[in-house]
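Take a look at the structure below.
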Amino acid sequence: MSTKKKLGIVADSTCDMDPKYLKKFNIATVPLKVIFGDEIKNQNVDITNKEYYTRLREGEFPTTGAPAPKAFKEAIDKALEEYEEILFFSIGNKLSATFSVASMVKKQFYDERVTLIDTNTLSITMSLIILPAARMIEKGATKEEVLEFVNKTIPHTQVFGGSPTLKYLHKGGRISRGKYLVGAALNFQPLVTVTDGLIASPGRVRKEQELMRHMRKISRKIAVNHLTELVIVGHCDNKEKADIVANYLKKLSKAPKEVFVWEIGPVIGTHLGPDTIGIVWVGEFKEEWLKIKRSLRFWKSEEEPEE
């Protein structure tokens, strides 16, 4: 008789889940790469968020990379020693090669024991799906029940936030040089969402006060439009402002029961830059809530030409 547990979870490191929840639910992560010149670091393994953002603020600019096939296999093999089946949650396929590499490993080495899930989103938004799934498993839910929840939730995950500069989106190849120069000259700060699996911008602001005003506006909408009781405020080394947003949301009537503040890690932080803040939830989002002029789509797919 097998002594293994029935169902476990593995995710890539860009889920940016608070380590205490990774530990509580025994969720293994496959680290993506952060590359400073010839120096390759693995997220959550040999570089801390603090070290990363210090280096970013001091002027270094890394690139990022998907895990090697070996890293996926090692993590899944280890998980299968403890669990009969594994759910693997990946950053959206339009945002990273991670899902493609995981699919290659699955096809070569595994059968139905491993189920791959393209979350179609990134960072802490992934945890809106992963954390409730882990709680369901802990309570005895079947794989089919968990997948039903996952498939129902993915289309309704929402992101709204803002970055103080276009610099990192430009350096990461997410906006053209022309858009960057115009935006920088006008001191534009992009608002950020995820639309159809790609990072997009529903507009821009010029001052931090404008961003915080929009964050309060979105918080009020979330309070009456959330479909689950979990909301996460994320930040790139800017906990002070993230706490302000979270505390505002918590005090609203009909606020979700759980409002967490988590830090966004190095891989996604590379494209957003220090001081970015954002809020993620499951529910509805309408650009008209913001009542501002439509702006740019920032995160290009591989097929989208430069302007």
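If you're wondering about the labels, chains in the structure tokens are A, B, ... by order shown, residues count from 1 in each chain, ligands from 1 in order shown.
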Practice task
Please provide as a list in words all residues within 8 Å of Ile232 of chain A, with the sequence filter that same-chain residues fewer than 5 positions apart are discarded (counting only C-alpha atoms).
Solution key: Ile124, Thr125, Leu128, Val259, Phe260, Val261, Trp262, Ile279, Val280 and Trp281 of chain A
Exercise for the section: Compile the contact shell of segment 222-226 of chain A as a count of residues only: residues with an atom at most 12 Å away, counting only C-alpha atoms, same-chain residues fewer than 5 positions apart removed. Expected result: 34
Exercise for the section: Could you tell me, as a ChimeraX atom specification, which residues of segment 12-175 of chain A DSSP assigns to helix (DSSP H, G or I) when given the backbone? Expected result: /A:13-15,19-24,49-57,69-80,98-109,124-138,143-156,167-171
Residues as selected, C-alpha atoms, written as a CSV table (one decimal), in the first residue's frame, can you do that?
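To be explicit, this is the file written out as selection24.csv:
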```csv
chain,number,residue,atom,x,y,z
A,13,SER,CA,9.4,30.9,-8.7
A,14,THR,CA,7.6,33.8,-10.3
A,15,CYS,CA,4.5,33.1,-8.3
A,19,PRO,CA,7.6,31.7,1.9
A,20,LYS,CA,5.5,30.8,5.0
A,21,TYR,CA,2.7,29.6,2.7
A,22,LEU,CA,5.1,27.7,0.5
A,23,LYS,CA,6.3,25.9,3.6
A,24,LYS,CA,2.8,25.4,5.1
A,49,ASN,CA,14.9,40.2,-2.8
A,50,LYS,CA,16.8,42.7,-0.7
A,51,GLU,CA,20.1,42.0,-2.5
A,52,TYR,CA,18.4,42.1,-5.8
A,53,TYR,CA,16.6,45.5,-5.3
A,54,THR,CA,19.8,47.0,-3.8
A,55,ARG,CA,21.7,46.1,-6.9
A,56,LEU,CA,18.9,47.4,-9.2
A,57,ARG,CA,18.8,50.7,-7.3
A,69,PRO,CA,14.9,21.4,-18.2
A,70,LYS,CA,17.0,19.8,-15.5
A,71,ALA,CA,15.6,22.1,-12.9
A,72,PHE,CA,12.1,21.1,-13.7
A,73,LYS,CA,12.9,17.4,-13.7
A,74,GLU,CA,14.7,17.6,-10.4
A,75,ALA,CA,11.8,19.4,-8.7
A,76,ILE,CA,9.1,17.2,-10.1
A,77,ASP,CA,11.0,14.0,-9.4
A,78,LYS,CA,11.4,15.0,-5.8
A,79,ALA,CA,7.7,15.9,-5.5
A,80,LEU,CA,6.7,12.6,-6.9
A,98,THR,CA,8.8,28.7,-18.8
A,99,PHE,CA,5.6,26.8,-19.7
A,100,SER,CA,7.2,25.7,-23.0
A,101,VAL,CA,10.2,24.2,-21.3
A,102,ALA,CA,8.0,22.5,-18.7
A,103,SER,CA,5.8,21.1,-21.5
A,104,MET,CA,8.9,19.6,-23.1
A,105,VAL,CA,10.0,18.0,-19.9
A,106,LYS,CA,6.5,16.6,-19.2
A,107,LYS,CA,6.3,15.1,-22.7
A,108,GLN,CA,9.7,13.5,-22.4
A,109,PHE,CA,9.6,12.1,-18.9
A,124,ILE,CA,1.5,37.2,-7.0
A,125,THR,CA,-1.6,36.9,-9.3
A,126,MET,CA,-0.6,33.3,-9.8
A,127,SER,CA,-1.0,32.8,-6.0
A,128,LEU,CA,-4.6,33.8,-6.2
A,129,ILE,CA,-5.0,30.4,-7.9
A,130,ILE,CA,-2.3,28.4,-6.2
A,131,LEU,CA,-3.0,29.2,-2.6
A,132,PRO,CA,-6.7,28.3,-2.7
A,133,ALA,CA,-5.9,25.2,-4.6
A,134,ALA,CA,-3.4,24.2,-1.9
A,135,ARG,CA,-6.1,24.8,0.7
A,136,MET,CA,-8.6,22.6,-1.2
A,137,ILE,CA,-6.0,19.8,-1.4
A,138,GLU,CA,-5.4,20.0,2.3
A,143,LYS,CA,-7.6,16.6,-8.6
A,144,GLU,CA,-10.8,17.0,-10.7
A,145,GLU,CA,-12.3,19.4,-8.1
A,146,VAL,CA,-9.1,21.4,-7.9
A,147,LEU,CA,-8.8,21.7,-11.7
A,148,GLU,CA,-12.4,22.8,-11.9
A,149,PHE,CA,-11.7,25.6,-9.5
A,150,VAL,CA,-8.5,26.5,-11.3
A,151,ASN,CA,-10.0,26.6,-14.8
A,152,LYS,CA,-12.9,28.7,-13.5
A,153,THR,CA,-10.7,31.2,-11.7
A,154,ILE,CA,-7.9,31.8,-14.2
A,155,PRO,CA,-10.1,34.0,-16.6
A,156,HIS,CA,-11.1,36.2,-13.7
A,167,LYS,CA,12.9,52.7,-17.7
A,168,TYR,CA,12.6,49.1,-16.8
A,169,LEU,CA,9.9,48.3,-19.2
A,170,HIS,CA,12.1,49.8,-21.9
A,171,LYS,CA,15.3,48.0,-20.8
```
Problem - segment 29-172 of chain A: residues DSSP assigns to strand (DSSP E), reported as an MDAnalysis selection string - result: chainID A and resid 29:30 33:36 39:42 63:65 83:90 114:118 157:162
Problem - Contact residues around Ile268 of chain A with only C-alpha atoms at 10 Å, ignoring same-chain residues under 2 positions, as number ranges by chain - result: A: 14-16, 34, 64, 122-124, 236, 264-266, 270-273
Problem - Distance of atom CA of Gly278 of chain A from atom CA of Pro190 of chain A, expressed in Å to one decimal place - result: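 A separation of 11.8 Å between them.
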Practice task
Give me, please, the distance in Å between atom CA of Gly162 of chain A and atom CA of Val192 of chain A, quoted to one decimal.
Solution key: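 Atom CA of Gly162 of chain A sits 5.4 Å away from atom CA of Val192 of chain A.
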Handout entry: Given only C-alpha atoms as the counted atoms, nearest of A:Thr195, A:Thr63, A:Ser163, A:Thr142 to Leu7 of chain A
Key =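 Closest to Leu7 of chain A of all the choices is A:Thr142.
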Problem - Computed interatomic separation between atom CA of Val30 of chain A and atom CA of Asp196 of chain A (Å) - result: 24.5 Å
Practice task
Write out as a PyMOL selection string the residues lying within 8 Å of segment 207-211 of chain A, counting only C-alpha atoms and excluding same-chain residues fewer than 6 positions away.
Solution key: chain A and resi 161-162+164+189+191
Put those residues in a file: N, CA and C atoms, as a PDB file, in the first residue's frame.
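Just written: out.pdb:
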```pdb
ATOM      1  N   GLY A 161      -1.841  48.152 -11.148  1.00  0.00           N
ATOM      2  CA  GLY A 161      -0.746  48.753 -10.398  1.00  0.00           C
ATOM      3  C   GLY A 161      -0.098  49.865 -11.176  1.00  0.00           C
ATOM      4  N   GLY A 162       1.043  50.312 -10.679  1.00  0.00           N
ATOM      5  CA  GLY A 162       1.756  51.387 -11.341  1.00  0.00           C
ATOM      6  C   GLY A 162       3.237  51.340 -11.042  1.00  0.00           C
ATOM      7  N   PRO A 164       6.884  53.692 -11.160  1.00  0.00           N
ATOM      8  CA  PRO A 164       7.301  55.093 -11.167  1.00  0.00           C
ATOM      9  C   PRO A 164       8.095  55.511 -12.395  1.00  0.00           C
ATOM     10  N   GLN A 189       4.293  58.000 -15.803  1.00  0.00           N
ATOM     11  CA  GLN A 189       4.446  56.794 -15.010  1.00  0.00           C
ATOM     12  C   GLN A 189       3.346  55.825 -15.436  1.00  0.00           C
ATOM     13  N   LEU A 191       0.527  53.020 -15.730  1.00  0.00           N
ATOM     14  CA  LEU A 191      -0.342  52.106 -15.004  1.00  0.00           C
ATOM     15  C   LEU A 191      -0.227  50.751 -15.679  1.00  0.00           C
TER      16      LEU A 191
END
```
Handout entry: Near-Lys94 of chain A list (8 Å; only C-alpha atoms; drop same-chain fewer than 3 positions) as a VMD selection string
Key = chain A and resid 97 120 197 to 198 301
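Distances from A:Asp12, A:Glu263, A:Glu288, A:Asp243 to Met212 of chain A were compared using only C-alpha atoms, and the smallest one belongs to A:Asp243.
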Exercise for the section: Determine the nearest neighbour of Ala28 of chain A from the options A:Val10, A:Leu87, A:Ile277, A:Ala200, counting only C-alpha atoms. Expected result: A:Val10
